[in-house]
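Visitor: I'd like to ask you about the structure that follows.
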Amino acid sequence: MTGATLLRRIAPQLLTLAAVIVLVSIYYPAFYQIVYVNDRLVGIPIDVIKRGAPVALLAIGMTLVIATRGIDLSVGAVMAICGASAAWSIDQGYGIGAALGLAGAAGLVCGLWNGVLVAFFGIQPIVATLILMVAGRGIAQLITGGTILTFDSDTFSFLGSGTLLGVPVPTVIWILTGIGFGLLVRRTALGLLVESIGVNLRASTLAGINSRVLLVAVYMGSGFCAALAGVIATADIRGADANNAGLWLELDAILAVVIGGNSLLGGRFSILASLLGAMIIQTINTGILLAGFPSEFNLVIKAVLVIVILVLQSPRIVPYLELLTTRRQRVKAPATKMEAGK
Amino acid sequence: MLLSTRDLTKSFPGTLALDRVSFDLKAGEVHALLGENGAGKSTLIKCLTGAYRRDSGDILFEGEPVFPQSTLEAQAIGIGTVYQEVNLLPNLTVAENLTLGHQPTRFGMIRPRATQALAQEMLAGYGLDIDVRRPLESYSVAVQQIVAIARAVHLSGRVLILDEPTASLDAREVQMLFDVVRDLRVRGLGIIFISHFLDQVFEISDSLTILRNGRHIATHPAADVDRMQLITLMLGRELAEETAVRHRPEVTGTSADAIRFTGVGRRGRIAPFDLTVRKGEVIGMAGLLGSGRTESAEVLFGAVASDSGTVEDASGPVDLRNPRSAIAAGFAFAPEDRKTDGIIAELSVRENIILALQARQGWARPIPQAEQQRMANDYIARLDIRTPDAEKPVGLLSGGNQQKVILARWLATNPRFLILDEPTRGIDVGAHAEILRLIEDVVAQGMSILVISSELEELVAVSHRVIVVRDRQHVSELTGDDVSPDTILRAIAAPHTTLEAAE
């Protein structure tokens with residue numbers, strides 16, 4: 001994708017993000033202030049890109065799942081499972097390497113389960129992943145023994161609250177994961193093959209694409225992202241809370257993908273746009289708190305903003321918006337319009 | 001006349017689906033509508049039932065022009081339709097299905113007793129002894145079909161259109177359905193009957209109307225035509241009128257380096273068959289729709305795994321478990337239904353062309369962008385694909401150009417055995433000739449091809465030999481001078497076919 005087409009693809013998300021930031025800064029003018037104290041950057045924008053980490057990570061995996069015309073409802077519960085696994089591992093004294101390995105493996109196994117149900121048993125993704133969404137918290141509770149499993153490990157909690165060169169570690173993790181997945185799908189043929197099975201599974205299989213294995217891999221990728229998110233959430237509070245870790249975050253992740261302009265019907269996808277979607281959601285969350293509304297308003301305000309964003313992006317509205325902009329363009333520069341029409 | 005069309009015309013972008021078709025249905029007759037796929041039968045039906053809006057021409061109901069805008073309006077006029085897949089709601093009861101939309105109510109509440117009574121009344125005279133309170137799905141397809149007919153007759157009551165009603169019925173059920181149809185004929189309904197089963201057509205119909213390429217070809221009393229004449233009219237060939245002069249180059253390959261299929265087949269789809277494919281050979285496959293042509297191709301490509309037999313070439317057994325292994329073995333398959341099985345509509349022409357090659361190379365070895373561009377532009381030029389550029393989504397191209405993109409996809413993998421299922425269906429004359437020329441070219445380079453086609457002239461023109469498929473069996477193989485439209489037609493039309501096939 002060339003720079004110009006990429007910019008055109010993510011322009012709606014960038015504009016939305018800018019609009020949301022402007023809106024928040026009206027209520028909270030100090031929004032933009034970032035200061036450097038105690039070897040770390042401090043400020044509201046930094047807070048946004050740190051707190052948005054779990055949803056951003058989930059959105060990366062979710063983007064690929066949705067590109068195959070699927071959906072993964074289990075990621076919130078998988079976060080809880082992976083967080084609990086890591087906390088249990090630390091608690092048992094196995095060290096941070098084992099904890100991370102165990103959490104990652106748990107995420108991959110959860111994804112494998114989802115993927116096999118979808119690809120080999122032909123269960124609809126929403127139903128297949130609903131199973132683990134419900135059962136997953138039970139599994140996490142079994143691991144934590146029904147309590148909030150706390151631990152004391154500075155190395156591990158560094159993943160949730162530490163900084164690297166002043167930047168919060170969760171931010172570094174989601175940005176690196178985003179770049180990693182982006183390179184993985186765009187520098188190889190994976191992205192094309194994923195889009196292909198999302199548009200037309202049968203034709204793709206007849207063209208020789210190993211659709212089943214690819215589907216399983218995509219769900220495993222989503223599980224792995226959920227594992228990273230779970231580790232961050234657990235490290236941040238120094239404890240694994242099977243009931244609340246990642247609660248409802250699957251819905252925020254889906255919302256991030258949708259705000260990112262990715263069709264729920266599969267096909268073309270952009271991880272970058274989904275990440276911007278995740279940041280839009282987090283800016284709204286943070287902004288509502290900063291603006292000082294009574295907390296009971298939060299969910300309603302968020303819902304209203306999300307509806308406005310989605311309506312503005314909807315295929316039925318976009319032609320009208322384009323009509324407005326092209327009409328203005330035509331007055332300014334008729335020649336460009338002619339070229340575009342060719 | 002109960003129902004007539006006068007010069008009915010309907011076009012879709014790129015095709016004229018109905019070209020000034022005039023058609024008359026009398027009260028108290030069963031009128032069969034016949035023609036190959038794409039002849040215009042379903043377009044005609046959809047115009048009659050208001051699903052499509054006609055471009056020009058008239059529809060006359062009892063001499064009065066009518067303009068149905070929807071199936072509901074058509075029903076109100078008196079035209080009811082029953083489709084092959086029963087379009088009722090299997091999870092509701094028989095009574096609810098029959099009365100849906102006009103249940104007897106009191107104060108806005110449905111009256112279950114009265115609903116059941118009404119349903120009983122509607123079913124009276126159909127010879128069904130069923131409990132209307134049970135879900136529709138607890139009864140056989142034949143019963144469901146009759147329930148659908150009862151509903152359509154009750155709602156419309158003058159004209160009944162039966163679109164492939166017997167496709168999923170066995171012989172006994174067909175008779176049950178036909179008894180109902182005969183009854184309705186006596187009651188004075190006009191019935192339009194569409195079926196690919198010619199024996200059934202002759203059994204039940206009073207008149208036949210044949211469509212071909214969107215044109216009305218002929219209407220005859222059923223007693224005046226025989227099978228042979230009927231098929232001739234459907235396929236548009238005058239028997240023995242011309243013996244096409246064929247200058248086929250000799251097949252270069254020997255049986256030693258051939259691909260040999262022995263006893264491959266799939267229960268319920270295609271009976272086990274043998275096939276030897278030599279290098280540089282074009283094998284034609286002929287047969288009516290639903291005869292097992294496409295099923296044969298699917299087995300040969302591993303799209304449906306064979307449950308019997310073996311496949312071997314000079315270097316040993318060939319693995320055809322799925323399309324991937326078939327492609328790895330050098331096979332390629334351009335399916336009949338481009339839209340659902342061929343193109344990836346949202347992806348670009350370039351991506352569609354490189355897809356099979358990329359899938360074979362594996363995800364980890366992407367074809368470099370520059371190489372993709374070069375291949376795409378190369379095939380766009382070679383196959384004369386009409387597209388503004390290689391980045392256009394393939395779904396926006398016309399049917400013929402989509403077909404060329406799929407051909408390009410497979411040529412890019414440089415296969416040794418290419419299976420083409422109806423490669424020229426629905427594409428214009430120019431593209432048609434180009435595709436045939438392309439077949440000649442690649443065969444000259446040693447590729448083997450299997451062409452499935454309904455167009456006999458086309459088969460005769462390109463094939464070294466022709467296999468005739470009937471009732472899901474390979475019934476004969478024509479070679480040398482025997483390959484002519486005449487002989488193919490005779491092989492297709494051999495009698496005693498359809499009722500057994502339906503069982």
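For the structure tokens, the naming scheme is as follows: chains receive sequential letters (A, B, ...) according to their order of presentation, residues are indexed from 1 within each chain, and ligands are indexed from 1 in presentation order.
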Per DSSP on the backbone, what are the alpha helix (DSSP H) residues of stretch 158-399 of chain B, as a PyMOL selection string?
Guide: chain B and resi 171-186+198-204+227-235+293-301+323-328+349-361+369-382+399
Visitor: Which of stretch 66-231 of chain A end up as strand (DSSP E or B) when DSSP is run on this backbone - answer as a ChimeraX atom specification?
Guide: /A:149-150,163-164,167-168
Visitor: Write out the residues from the selection above, keeping N, CA and C atoms, as a PDB file, in the first residue's frame.
Guide:
```
ATOM      1  N   LEU A 149      -5.795 -13.589  43.093  1.00  0.00           N
ATOM      2  CA  LEU A 149      -4.472 -14.165  43.338  1.00  0.00           C
ATOM      3  C   LEU A 149      -3.425 -13.054  43.228  1.00  0.00           C
ATOM      4  N   THR A 150      -2.952 -12.581  44.354  1.00  0.00           N
ATOM      5  CA  THR A 150      -1.960 -11.512  44.312  1.00  0.00           C
ATOM      6  C   THR A 150      -0.558 -12.100  44.380  1.00  0.00           C
ATOM      7  N   THR A 163       8.323   1.824  32.852  1.00  0.00           N
ATOM      8  CA  THR A 163       8.489   2.643  31.652  1.00  0.00           C
ATOM      9  C   THR A 163       9.794   2.266  30.960  1.00  0.00           C
ATOM     10  N   LEU A 164       9.812   2.464  29.668  1.00  0.00           N
ATOM     11  CA  LEU A 164      11.033   2.299  28.873  1.00  0.00           C
ATOM     12  C   LEU A 164      11.297   3.639  28.199  1.00  0.00           C
ATOM     13  N   VAL A 167       8.500   5.933  28.304  1.00  0.00           N
ATOM     14  CA  VAL A 167       7.207   5.510  27.748  1.00  0.00           C
ATOM     15  C   VAL A 167       6.706   4.306  28.547  1.00  0.00           C
ATOM     16  N   PRO A 168       5.396   4.292  28.892  1.00  0.00           N
ATOM     17  CA  PRO A 168       4.865   3.155  29.657  1.00  0.00           C
ATOM     18  C   PRO A 168       5.079   1.843  28.903  1.00  0.00           C
TER      19      PRO A 168
END
```
Visitor: With only C-alpha atoms as the atoms that count, which of A:Val231, A:Leu192, A:Ala11, A:Val169 lies nearest to chain B?
Guide: A:Leu192
Visitor: Just want the 9 Å neighbourhood of B:Ala95, counted on only C-alpha atoms, with same-chain residues fewer than 6 positions away dropped. Output as a list in words.
Guide: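 Non-adjacent residues within range: Thr115, Gln116, Ala117, Leu118, Ala119, Gln120, Asp131, Val132, Arg133, Arg134, Pro135 and Leu136 of chain B.
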Visitor: I'd like the neighbourhood of stretch 430-442 of chain B as a PDB file with N, CA and C atoms, in the first residue's frame, where a residue qualifies if any of its atoms comes within 9 Å (using only C-alpha atoms), though same-chain residues fewer than 5 positions away should be ignored.
Guide:
```
ATOM      1  N   GLY B 280      -1.524 -32.869 -23.956  1.00  0.00           N
ATOM      2  CA  GLY B 280      -1.958 -32.156 -25.152  1.00  0.00           C
ATOM      3  C   GLY B 280      -3.307 -32.602 -25.674  1.00  0.00           C
ATOM      4  N   VAL B 282      -7.552 -32.598 -25.529  1.00  0.00           N
ATOM      5  CA  VAL B 282      -8.732 -31.895 -25.048  1.00  0.00           C
ATOM      6  C   VAL B 282      -9.878 -32.895 -24.986  1.00  0.00           C
ATOM      7  N   LEU B 383      -4.766 -11.986 -22.452  1.00  0.00           N
ATOM      8  CA  LEU B 383      -6.143 -12.475 -22.539  1.00  0.00           C
ATOM      9  C   LEU B 383      -7.108 -11.346 -22.876  1.00  0.00           C
ATOM     10  N   ASP B 384      -6.550 -10.161 -23.109  1.00  0.00           N
ATOM     11  CA  ASP B 384      -7.382  -9.014 -23.447  1.00  0.00           C
ATOM     12  C   ASP B 384      -8.479  -8.803 -22.402  1.00  0.00           C
ATOM     13  N   GLY B 400     -17.563 -12.041 -18.694  1.00  0.00           N
ATOM     14  CA  GLY B 400     -16.532 -12.595 -19.560  1.00  0.00           C
ATOM     15  C   GLY B 400     -15.139 -12.235 -19.075  1.00  0.00           C
ATOM     16  N   ASN B 401     -14.984 -11.011 -18.598  1.00  0.00           N
ATOM     17  CA  ASN B 401     -13.674 -10.592 -18.106  1.00  0.00           C
ATOM     18  C   ASN B 401     -13.331 -11.266 -16.785  1.00  0.00           C
ATOM     19  N   LYS B 404     -12.003 -14.553 -17.689  1.00  0.00           N
ATOM     20  CA  LYS B 404     -10.616 -14.475 -18.153  1.00  0.00           C
ATOM     21  C   LYS B 404      -9.660 -14.310 -16.986  1.00  0.00           C
ATOM     22  N   LEU B 407      -9.182 -17.701 -15.624  1.00  0.00           N
ATOM     23  CA  LEU B 407      -8.278 -18.449 -16.499  1.00  0.00           C
ATOM     24  C   LEU B 407      -6.836 -18.019 -16.263  1.00  0.00           C
ATOM     25  N   LEU B 411      -3.647 -20.244 -15.408  1.00  0.00           N
ATOM     26  CA  LEU B 411      -2.509 -20.302 -16.331  1.00  0.00           C
ATOM     27  C   LEU B 411      -1.238 -19.886 -15.603  1.00  0.00           C
ATOM     28  N   PRO B 423     -16.741 -22.839 -19.604  1.00  0.00           N
ATOM     29  CA  PRO B 423     -15.868 -21.658 -19.632  1.00  0.00           C
ATOM     30  C   PRO B 423     -16.463 -20.498 -20.409  1.00  0.00           C
ATOM     31  N   THR B 424     -17.431 -20.756 -21.270  1.00  0.00           N
ATOM     32  CA  THR B 424     -17.932 -19.668 -22.119  1.00  0.00           C
ATOM     33  C   THR B 424     -19.364 -19.283 -21.782  1.00  0.00           C
ATOM     34  N   ARG B 425     -19.898 -19.811 -20.646  1.00  0.00           N
ATOM     35  CA  ARG B 425     -21.285 -19.486 -20.343  1.00  0.00           C
ATOM     36  C   ARG B 425     -21.439 -18.001 -20.016  1.00  0.00           C
ATOM     37  N   MET B 447      -0.443 -28.844 -22.576  1.00  0.00           N
ATOM     38  CA  MET B 447      -1.363 -28.920 -21.457  1.00  0.00           C
ATOM     39  C   MET B 447      -2.535 -29.827 -21.839  1.00  0.00           C
ATOM     40  N   SER B 448      -3.106 -30.524 -20.865  1.00  0.00           N
ATOM     41  CA  SER B 448      -4.306 -31.326 -21.123  1.00  0.00           C
ATOM     42  C   SER B 448      -5.503 -30.564 -20.568  1.00  0.00           C
ATOM     43  N   ILE B 449      -6.634 -30.694 -21.262  1.00  0.00           N
ATOM     44  CA  ILE B 449      -7.799 -29.913 -20.855  1.00  0.00           C
ATOM     45  C   ILE B 449      -9.043 -30.776 -20.857  1.00  0.00           C
ATOM     46  N   GLU B 458     -19.208 -25.974 -29.734  1.00  0.00           N
ATOM     47  CA  GLU B 458     -17.963 -25.632 -29.065  1.00  0.00           C
ATOM     48  C   GLU B 458     -17.191 -26.888 -28.691  1.00  0.00           C
ATOM     49  N   ALA B 461     -15.773 -28.486 -31.707  1.00  0.00           N
ATOM     50  CA  ALA B 461     -14.675 -27.711 -32.281  1.00  0.00           C
ATOM     51  C   ALA B 461     -13.367 -27.929 -31.535  1.00  0.00           C
ATOM     52  N   VAL B 462     -13.406 -28.083 -30.218  1.00  0.00           N
ATOM     53  CA  VAL B 462     -12.136 -28.128 -29.482  1.00  0.00           C
ATOM     54  C   VAL B 462     -11.705 -29.525 -29.058  1.00  0.00           C
TER      55      VAL B 462
END
```
Visitor: What's the 8 Å shell around A:Asn262, counting only C-alpha atoms, without same-chain residues fewer than 6 positions away, as a list in words?
Guide: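 So, after excluding close chain neighbours, the residues are Thr63, Ile66, Ala67, Arg268, Phe269, Ser270 and Ser274 of chain A.
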Visitor: Write the residues of the preceding selection, restricted to C-alpha atoms, as a short mmCIF file (atom, residue, chain, number, x, y, z; two decimals), in the first residue's frame.
Guide:
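Saved the output as selection.cif:
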```cif
data_model
loop_
_atom_site.label_atom_id
_atom_site.label_comp_id
_atom_site.auth_asym_id
_atom_site.auth_seq_id
_atom_site.Cartn_x
_atom_site.Cartn_y
_atom_site.Cartn_z
CA THR A 63 -9.02 -7.33 13.20
CA ILE A 66 -13.10 -10.18 11.63
CA ALA A 67 -11.27 -10.05 8.29
CA ARG A 268 -10.10 -5.90 3.48
CA PHE A 269 -8.65 -4.95 6.85
CA SER A 270 -6.30 -2.43 8.40
CA SER A 274 -8.21 -0.62 14.34
#
```
Visitor: Counting only C-alpha atoms, which residues of chain B come no farther than 9 Å from chain A, as a count of residues only?
Guide: 40
Visitor: Mind checking which residues fall within 10 Å of stretch 269-273 of chain B, counting only C-alpha atoms, ignoring those fewer than 2 positions away in the same chain, and posting them as a PyMOL selection string?
Guide: chain B and resi 261-267+275+290-299+304+306-309+469-475
